[in-house]
$ cat input14.cif   # mmCIF, N, CA and C atoms
data_coords
#
loop_
_atom_site.group_PDB
_atom_site.id
_atom_site.type_symbol
_atom_site.label_atom_id
_atom_site.label_comp_id
_atom_site.auth_asym_id
_atom_site.auth_seq_id
_atom_site.Cartn_x
_atom_site.Cartn_y
_atom_site.Cartn_z
ATOM 1 N N VAL A 122 -90.396 -30.503 235.118
ATOM 2 C CA VAL A 122 -90.225 -31.404 233.990
ATOM 3 C C VAL A 122 -91.146 -30.974 232.857
ATOM 4 N N TYR A 123 -92.348 -30.576 233.196
ATOM 5 C CA TYR A 123 -93.321 -30.162 232.182
ATOM 6 C C TYR A 123 -92.784 -28.980 231.376
ATOM 7 N N MET A 124 -92.325 -27.952 232.079
ATOM 8 C CA MET A 124 -91.823 -26.754 231.405
ATOM 9 C C MET A 124 -90.597 -27.079 230.555
ATOM 10 N N TRP A 125 -89.667 -27.863 231.093
ATOM 11 C CA TRP A 125 -88.425 -28.147 230.374
ATOM 12 C C TRP A 125 -88.642 -29.068 229.183
ATOM 13 N N THR A 126 -89.693 -29.862 229.227
ATOM 14 C CA THR A 126 -90.031 -30.682 228.063
ATOM 15 C C THR A 126 -90.344 -29.786 226.871
ATOM 16 N N TRP A 127 -91.141 -28.767 227.107
ATOM 17 C CA TRP A 127 -91.494 -27.851 226.023
ATOM 18 C C TRP A 127 -90.342 -26.916 225.677
ATOM 19 N N MET A 128 -89.569 -26.505 226.671
ATOM 20 C CA MET A 128 -88.428 -25.625 226.406
ATOM 21 C C MET A 128 -87.372 -26.319 225.538
ATOM 22 N N ALA A 129 -87.215 -27.613 225.691
ATOM 23 C CA ALA A 129 -86.262 -28.360 224.870
ATOM 24 C C ALA A 129 -86.795 -28.567 223.458
ATOM 25 N N THR A 130 -88.089 -28.555 223.297
ATOM 26 C CA THR A 130 -88.692 -28.761 221.986
ATOM 27 C C THR A 130 -88.521 -27.541 221.087
ATOM 28 N N ILE A 131 -88.550 -26.360 221.657
ATOM 29 C CA ILE A 131 -88.496 -25.129 220.865
ATOM 30 C C ILE A 131 -87.181 -24.982 220.096
ATOM 31 N N PRO A 132 -86.006 -25.080 220.742
ATOM 32 C CA PRO A 132 -84.781 -24.978 219.936
ATOM 33 C C PRO A 132 -84.614 -26.145 218.964
ATOM 34 N N THR A 133 -85.112 -27.310 219.344
ATOM 35 C CA THR A 133 -85.056 -28.449 218.430
ATOM 36 C C THR A 133 -85.863 -28.151 217.173
ATOM 37 N N ALA A 134 -87.021 -27.554 217.330
ATOM 38 C CA ALA A 134 -87.851 -27.190 216.181
ATOM 39 C C ALA A 134 -87.150 -26.156 215.309
ATOM 40 N N ALA A 135 -86.531 -25.170 215.927
ATOM 41 C CA ALA A 135 -85.831 -24.137 215.157
ATOM 42 C C ALA A 135 -84.682 -24.736 214.350
ATOM 43 N N ILE A 136 -83.904 -25.589 214.980
ATOM 44 C CA ILE A 136 -82.780 -26.227 214.286
ATOM 45 C C ILE A 136 -83.289 -27.126 213.165
ATOM 46 N N MET A 137 -84.373 -27.850 213.418
ATOM 47 C CA MET A 137 -84.926 -28.731 212.398
ATOM 48 C C MET A 137 -85.410 -27.932 211.192
ATOM 49 N N ILE A 138 -86.037 -26.805 211.430
ATOM 50 C CA ILE A 138 -86.518 -25.976 210.329
ATOM 51 C C ILE A 138 -85.348 -25.477 209.492
ATOM 52 N N ILE A 139 -84.274 -25.053 210.143
ATOM 53 C CA ILE A 139 -83.093 -24.586 209.415
ATOM 54 C C ILE A 139 -82.538 -25.697 208.528
ATOM 55 N N PHE A 140 -82.390 -26.897 209.082
ATOM 56 C CA PHE A 140 -81.876 -28.021 208.288
ATOM 57 C C PHE A 140 -82.802 -28.384 207.134
ATOM 58 N N LEU A 141 -84.098 -28.364 207.383
ATOM 59 C CA LEU A 141 -85.047 -28.721 206.328
ATOM 60 C C LEU A 141 -85.056 -27.695 205.201
ATOM 61 N N ILE A 142 -84.989 -26.429 205.555
ATOM 62 C CA ILE A 142 -84.957 -25.386 204.531
ATOM 63 C C ILE A 142 -83.644 -25.468 203.749
ATOM 64 N N LYS A 143 -82.544 -25.711 204.449
ATOM 65 C CA LYS A 143 -81.245 -25.829 203.785
ATOM 66 C C LYS A 143 -81.228 -26.983 202.783
ATOM 67 N N ASN A 144 -81.932 -28.053 203.084
ATOM 68 C CA ASN A 144 -81.982 -29.223 202.202
ATOM 69 C C ASN A 144 -83.150 -29.171 201.225
ATOM 70 N N ASN A 145 -83.783 -28.013 201.095
ATOM 71 C CA ASN A 145 -84.864 -27.772 200.137
ATOM 72 C C ASN A 145 -86.054 -28.719 200.305
ATOM 73 N N VAL A 146 -86.432 -28.986 201.525
ATOM 74 C CA VAL A 146 -87.641 -29.767 201.770
ATOM 75 C C VAL A 146 -88.828 -28.827 201.602
ATOM 76 N N ASP A 147 -89.805 -29.242 200.802
ATOM 77 C CA ASP A 147 -90.929 -28.367 200.464
ATOM 78 C C ASP A 147 -91.892 -28.138 201.624
ATOM 79 N N PHE A 148 -92.176 -29.173 202.366
ATOM 80 C CA PHE A 148 -93.214 -29.062 203.397
ATOM 81 C C PHE A 148 -92.668 -29.540 204.729
ATOM 82 N N VAL A 149 -92.531 -28.635 205.672
ATOM 83 C CA VAL A 149 -91.972 -28.987 206.977
ATOM 84 C C VAL A 149 -93.048 -29.398 207.975
ATOM 85 N N GLY A 150 -94.311 -29.303 207.574
ATOM 86 C CA GLY A 150 -95.417 -29.613 208.482
ATOM 87 C C GLY A 150 -95.373 -31.024 209.031
ATOM 88 N N THR A 151 -95.039 -31.985 208.199
ATOM 89 C CA THR A 151 -94.967 -33.377 208.644
ATOM 90 C C THR A 151 -93.912 -33.545 209.732
ATOM 91 N N PHE A 152 -92.770 -32.906 209.535
ATOM 92 C CA PHE A 152 -91.706 -33.010 210.520
ATOM 93 C C PHE A 152 -92.074 -32.301 211.821
ATOM 94 N N MET A 153 -92.764 -31.177 211.706
ATOM 95 C CA MET A 153 -93.184 -30.460 212.906
ATOM 96 C C MET A 153 -94.231 -31.258 213.688
ATOM 97 N N LEU A 154 -95.120 -31.940 212.985
ATOM 98 C CA LEU A 154 -96.105 -32.767 213.677
ATOM 99 C C LEU A 154 -95.414 -33.884 214.455
ATOM 100 N N MET A 155 -94.431 -34.504 213.827
ATOM 101 C CA MET A 155 -93.703 -35.579 214.521
ATOM 102 C C MET A 155 -92.968 -35.024 215.740
ATOM 103 N N LEU A 156 -92.378 -33.834 215.587
ATOM 104 C CA LEU A 156 -91.617 -33.241 216.681
ATOM 105 C C LEU A 156 -92.517 -32.878 217.859
ATOM 106 N N PHE A 157 -93.667 -32.276 217.598
ATOM 107 C CA PHE A 157 -94.533 -31.826 218.683
ATOM 108 C C PHE A 157 -95.435 -32.922 219.236
ATOM 109 N N ALA A 158 -95.432 -34.084 218.628
ATOM 110 C CA ALA A 158 -96.222 -35.197 219.158
ATOM 111 C C ALA A 158 -95.684 -35.648 220.510
ATOM 112 N N LEU A 159 -94.373 -35.777 220.619
ATOM 113 C CA LEU A 159 -93.785 -36.301 221.854
ATOM 114 C C LEU A 159 -94.076 -35.420 223.073
ATOM 115 N N PRO A 160 -93.799 -34.107 223.051
ATOM 116 C CA PRO A 160 -94.114 -33.323 224.243
ATOM 117 C C PRO A 160 -95.615 -33.230 224.528
ATOM 118 N N THR A 161 -96.429 -33.345 223.491
ATOM 119 C CA THR A 161 -97.876 -33.326 223.715
ATOM 120 C C THR A 161 -98.316 -34.577 224.468
ATOM 121 N N VAL A 162 -97.824 -35.733 224.035
ATOM 122 C CA VAL A 162 -98.148 -36.979 224.737
ATOM 123 C C VAL A 162 -97.600 -36.926 226.167
ATOM 124 N N MET A 163 -96.370 -36.474 226.307
ATOM 125 C CA MET A 163 -95.772 -36.397 227.647
ATOM 126 C C MET A 163 -96.552 -35.455 228.553
ATOM 127 N N SER A 164 -97.022 -34.333 228.017
ATOM 128 C CA SER A 164 -97.823 -33.394 228.808
ATOM 129 C C SER A 164 -99.126 -34.034 229.254
ATOM 130 N N GLY A 165 -99.767 -34.762 228.352
ATOM 131 C CA GLY A 165 -101.008 -35.443 228.711
ATOM 132 C C GLY A 165 -100.803 -36.489 229.796
ATOM 133 N N VAL A 166 -99.680 -37.210 229.717
ATOM 134 C CA VAL A 166 -99.379 -38.218 230.743
ATOM 135 C C VAL A 166 -99.084 -37.545 232.078
ATOM 136 N N MET A 167 -98.310 -36.441 232.037
ATOM 137 C CA MET A 167 -97.939 -35.759 233.291
ATOM 138 C C MET A 167 -99.137 -35.183 234.022
ATOM 139 N N ILE A 168 -100.082 -34.613 233.266
ATOM 140 C CA ILE A 168 -101.250 -34.035 233.934
ATOM 141 C C ILE A 168 -102.416 -35.019 234.008
ATOM 142 N N LYS A 169 -102.171 -36.246 233.542
ATOM 143 C CA LYS A 169 -103.173 -37.324 233.577
ATOM 144 C C LYS A 169 -104.463 -36.892 232.876
ATOM 145 N N PHE A 170 -104.291 -36.453 231.632
ATOM 146 C CA PHE A 170 -105.412 -35.977 230.829
ATOM 147 C C PHE A 170 -105.391 -36.712 229.494
ATOM 148 N N LYS A 171 -106.233 -37.729 229.387
ATOM 149 C CA LYS A 171 -106.216 -38.618 228.227
ATOM 150 C C LYS A 171 -106.504 -37.936 226.884
ATOM 151 N N PRO A 172 -107.400 -36.936 226.807
ATOM 152 C CA PRO A 172 -107.602 -36.297 225.501
ATOM 153 C C PRO A 172 -106.315 -35.680 224.934
ATOM 154 N N LEU A 173 -105.440 -35.173 225.783
ATOM 155 C CA LEU A 173 -104.179 -34.618 225.301
ATOM 156 C C LEU A 173 -103.233 -35.723 224.831
ATOM 157 N N VAL A 174 -103.244 -36.861 225.511
ATOM 158 C CA VAL A 174 -102.450 -38.011 225.065
ATOM 159 C C VAL A 174 -102.929 -38.460 223.689
ATOM 160 N N PHE A 175 -104.246 -38.574 223.520
ATOM 161 C CA PHE A 175 -104.797 -38.972 222.227
ATOM 162 C C PHE A 175 -104.500 -37.917 221.155
ATOM 163 N N GLY A 176 -104.478 -36.647 221.550
ATOM 164 C CA GLY A 176 -104.122 -35.587 220.608
ATOM 165 C C GLY A 176 -102.688 -35.721 220.121
ATOM 166 N N GLY A 177 -101.771 -36.067 221.020
ATOM 167 C CA GLY A 177 -100.381 -36.289 220.624
ATOM 168 C C GLY A 177 -100.240 -37.483 219.697
ATOM 169 N N ILE A 178 -100.982 -38.518 219.985
ATOM 170 C CA ILE A 178 -100.967 -39.701 219.110
ATOM 171 C C ILE A 178 -101.542 -39.330 217.740
ATOM 172 N N ALA A 179 -102.552 -38.458 217.738
ATOM 173 C CA ALA A 179 -103.118 -37.995 216.466
ATOM 174 C C ALA A 179 -102.076 -37.235 215.649
ATOM 175 N N PHE A 180 -101.171 -36.517 216.320
ATOM 176 C CA PHE A 180 -100.082 -35.850 215.593
ATOM 177 C C PHE A 180 -99.254 -36.865 214.816
ATOM 178 N N TRP A 181 -98.878 -37.953 215.456
ATOM 179 C CA TRP A 181 -98.082 -38.977 214.784
ATOM 180 C C TRP A 181 -98.855 -39.590 213.606
ATOM 181 N N VAL A 182 -100.107 -39.910 213.857
ATOM 182 C CA VAL A 182 -100.923 -40.529 212.803
ATOM 183 C C VAL A 182 -101.092 -39.575 211.623
ATOM 184 N N LEU A 183 -101.387 -38.324 211.903
ATOM 185 C CA LEU A 183 -101.582 -37.356 210.818
ATOM 186 C C LEU A 183 -100.276 -37.003 210.122
ATOM 187 N N ALA A 184 -99.156 -37.115 210.813
ATOM 188 C CA ALA A 184 -97.862 -36.938 210.144
ATOM 189 C C ALA A 184 -97.655 -38.045 209.117
ATOM 190 N N LEU A 185 -97.990 -39.266 209.481
ATOM 191 C CA LEU A 185 -97.879 -40.382 208.538
ATOM 192 C C LEU A 185 -98.863 -40.232 207.377
ATOM 193 N N VAL A 186 -100.084 -39.862 207.691
ATOM 194 C CA VAL A 186 -101.086 -39.663 206.640
ATOM 195 C C VAL A 186 -100.622 -38.569 205.685
ATOM 196 N N GLY A 187 -100.146 -37.465 206.240
ATOM 197 C CA GLY A 187 -99.685 -36.366 205.410
ATOM 198 C C GLY A 187 -98.505 -36.727 204.542
ATOM 199 N N GLU A 188 -97.619 -37.536 205.054
ATOM 200 C CA GLU A 188 -96.427 -37.912 204.296
ATOM 201 C C GLU A 188 -96.744 -38.849 203.142
ATOM 202 N N PHE A 189 -97.642 -39.777 203.368
ATOM 203 C CA PHE A 189 -97.889 -40.814 202.361
ATOM 204 C C PHE A 189 -99.126 -40.569 201.494
ATOM 205 N N ALA A 190 -99.981 -39.612 201.835
ATOM 206 C CA ALA A 190 -101.222 -39.419 201.087
ATOM 207 C C ALA A 190 -101.092 -38.446 199.921
ATOM 208 N N GLY A 191 -100.019 -37.702 199.869
ATOM 209 C CA GLY A 191 -99.838 -36.778 198.753
ATOM 210 C C GLY A 191 -99.906 -35.331 199.192
ATOM 211 N N PRO A 192 -99.530 -34.424 198.288
ATOM 212 C CA PRO A 192 -99.403 -33.014 198.663
ATOM 213 C C PRO A 192 -100.715 -32.329 199.031
ATOM 214 N N HIS A 193 -101.826 -32.733 198.427
ATOM 215 C CA HIS A 193 -103.092 -32.080 198.754
ATOM 216 C C HIS A 193 -103.553 -32.440 200.165
ATOM 217 N N ILE A 194 -103.417 -33.675 200.518
ATOM 218 C CA ILE A 194 -103.791 -34.115 201.863
ATOM 219 C C ILE A 194 -102.771 -33.634 202.881
ATOM 220 N N GLN A 195 -101.517 -33.553 202.483
ATOM 221 C CA GLN A 195 -100.452 -33.127 203.395
ATOM 222 C C GLN A 195 -100.704 -31.721 203.931
ATOM 223 N N SER A 196 -101.185 -30.831 203.098
ATOM 224 C CA SER A 196 -101.444 -29.468 203.562
ATOM 225 C C SER A 196 -102.639 -29.396 204.505
ATOM 226 N N LEU A 197 -103.481 -30.408 204.501
ATOM 227 C CA LEU A 197 -104.617 -30.456 205.435
ATOM 228 C C LEU A 197 -104.275 -31.162 206.740
ATOM 229 N N SER A 198 -103.165 -31.898 206.765
ATOM 230 C CA SER A 198 -102.837 -32.674 207.955
ATOM 231 C C SER A 198 -102.453 -31.790 209.137
ATOM 232 N N VAL A 199 -101.766 -30.678 208.892
ATOM 233 C CA VAL A 199 -101.336 -29.808 209.992
ATOM 234 C C VAL A 199 -102.527 -29.128 210.674
ATOM 235 N N PRO A 200 -103.430 -28.462 209.946
ATOM 236 C CA PRO A 200 -104.555 -27.857 210.659
ATOM 237 C C PRO A 200 -105.463 -28.891 211.330
ATOM 238 N N THR A 201 -105.598 -30.053 210.723
ATOM 239 C CA THR A 201 -106.393 -31.111 211.356
ATOM 240 C C THR A 201 -105.741 -31.563 212.651
ATOM 241 N N ALA A 202 -104.418 -31.698 212.636
ATOM 242 C CA ALA A 202 -103.697 -32.095 213.851
ATOM 243 C C ALA A 202 -103.831 -31.040 214.939
ATOM 244 N N MET A 203 -103.779 -29.776 214.577
ATOM 245 C CA MET A 203 -103.926 -28.712 215.577
ATOM 246 C C MET A 203 -105.322 -28.748 216.203
ATOM 247 N N LEU A 204 -106.308 -29.028 215.376
ATOM 248 C CA LEU A 204 -107.678 -29.124 215.879
ATOM 249 C C LEU A 204 -107.818 -30.305 216.834
ATOM 250 N N VAL A 205 -107.367 -31.468 216.392
ATOM 251 C CA VAL A 205 -107.526 -32.694 217.187
ATOM 252 C C VAL A 205 -106.556 -32.726 218.359
ATOM 253 N N GLY A 206 -105.348 -32.203 218.156
ATOM 254 C CA GLY A 206 -104.306 -32.328 219.172
ATOM 255 C C GLY A 206 -104.322 -31.265 220.247
ATOM 256 N N TYR A 207 -104.724 -30.054 219.891
ATOM 257 C CA TYR A 207 -104.677 -28.961 220.861
ATOM 258 C C TYR A 207 -106.045 -28.361 221.164
ATOM 259 N N LEU A 208 -106.821 -28.020 220.137
ATOM 260 C CA LEU A 208 -108.068 -27.300 220.388
ATOM 261 C C LEU A 208 -109.107 -28.143 221.112
ATOM 262 N N ILE A 209 -109.374 -29.329 220.615
ATOM 263 C CA ILE A 209 -110.390 -30.172 221.254
ATOM 264 C C ILE A 209 -110.016 -30.516 222.696
ATOM 265 N N PRO A 210 -108.759 -30.986 222.974
ATOM 266 C CA PRO A 210 -108.404 -31.218 224.376
ATOM 267 C C PRO A 210 -108.473 -29.946 225.222
ATOM 268 N N GLY A 211 -108.128 -28.794 224.643
ATOM 269 C CA GLY A 211 -108.206 -27.533 225.390
ATOM 270 C C GLY A 211 -109.623 -27.176 225.766
ATOM 271 N N TYR A 212 -110.551 -27.360 224.836
ATOM 272 C CA TYR A 212 -111.955 -27.081 225.142
ATOM 273 C C TYR A 212 -112.508 -28.072 226.170
ATOM 274 N N ILE A 213 -112.106 -29.317 226.075
ATOM 275 C CA ILE A 213 -112.545 -30.310 227.066
ATOM 276 C C ILE A 213 -112.006 -29.947 228.449
ATOM 277 N N LEU A 214 -110.728 -29.543 228.506
ATOM 278 C CA LEU A 214 -110.128 -29.166 229.784
ATOM 279 C C LEU A 214 -110.809 -27.933 230.365
ATOM 280 N N ARG A 215 -111.110 -26.950 229.527
ATOM 281 C CA ARG A 215 -111.796 -25.752 230.003
ATOM 282 C C ARG A 215 -113.195 -26.092 230.514
ATOM 283 N N LYS A 216 -113.893 -26.968 229.805
ATOM 284 C CA LYS A 216 -115.237 -27.364 230.245
ATOM 285 C C LYS A 216 -115.180 -28.074 231.596
ATOM 286 N N GLU A 217 -114.199 -28.962 231.751
ATOM 287 C CA GLU A 217 -114.057 -29.657 233.040
ATOM 288 C C GLU A 217 -113.683 -28.688 234.151
ATOM 289 N N GLU A 218 -112.855 -27.698 233.844
ATOM 290 C CA GLU A 218 -112.490 -26.710 234.848
ATOM 291 C C GLU A 218 -113.689 -25.879 235.265
ATOM 292 N N ASN A 219 -114.513 -25.484 234.286
ATOM 293 C CA ASN A 219 -115.700 -24.688 234.591
ATOM 294 C C ASN A 219 -116.718 -25.485 235.387
ATOM 295 N N ASN A 220 -116.758 -26.792 235.181
ATOM 296 C CA ASN A 220 -117.690 -27.643 235.928
ATOM 297 C C ASN A 220 -117.131 -28.044 237.285
ATOM 298 N N GLY A 221 -115.875 -27.715 237.543
ATOM 299 C CA GLY A 221 -115.272 -28.043 238.829
ATOM 300 C C GLY A 221 -114.822 -29.487 238.941
ATOM 301 N N THR A 222 -114.646 -30.175 237.827
ATOM 302 C CA THR A 222 -114.223 -31.585 237.894
ATOM 303 C C THR A 222 -112.723 -31.763 237.722
ATOM 304 N N VAL A 223 -111.981 -30.659 237.554
ATOM 305 C CA VAL A 223 -110.531 -30.766 237.393
ATOM 306 C C VAL A 223 -109.878 -30.747 238.752
#
$ encode --input "input14.cif" --output "structure tokens"
Amino acid sequence: VYMWTWMATIPTAAIMIIFLIKNNVDFVGTFMLMLFALPTVMSGVMIKFKPLVFGGIAFWVLALVGEFAGPHIQSLSVPTAMLVGYLIPGYILRKEENNGTV
């Protein structure tokens, strides 16, 4: 289920990008954050790792912030989401693995 959750997200992202570019949407980052929030939350729930669940929720929150805060903030929402959603949980998971608590 874990693998297929992400495998289903990839073609969905590709199709979404094609539609967004065809409709002349300037910034696809907000849509990508919304799309990748769901499998991130699901992955965190499946492996019972709360920082990843919170990271997925941060994707949704930062997608909303990026959409409504304006173009300058919108371009910062994607890298912030990657930091909060993937990097921080990854470092926490690696630290727990190295300490033998995983």
$ residues_around --input "input14.cif" --residues "Leu154 (chain A)" --least-positions-apart "6" --cutoff "7 Å" --atoms "only C-alpha atoms" --output "number ranges by chain"
A: 180-181, 184
$ resolve_selection --input "input14.cif" --expression "the PyMOL selection byres (((chain A and resi 133-150 and name CA) around 9) and name CA)" --output "list in words"
Ala129, Thr130, Ile131, Pro132, Thr151, Phe152, Met153, Leu154, Met155, Leu156, Phe157, Ala184, Gly187, Pro192, Gln195, Ser196, Ser198 and Val199 of chain A
$ atom_distance --input "input14.cif" --atom1 "atom N of Val162 (chain A)" --atom2 "atom N of Val174 (chain A)"
5.7 Å
$ closest_residue --input "input14.cif" --among "A:Leu173, A:Ala179, A:Leu159, A:Ile168" --to "Ala202 (chain A)" --atoms "only N, CA and C atoms"
A:Ala179
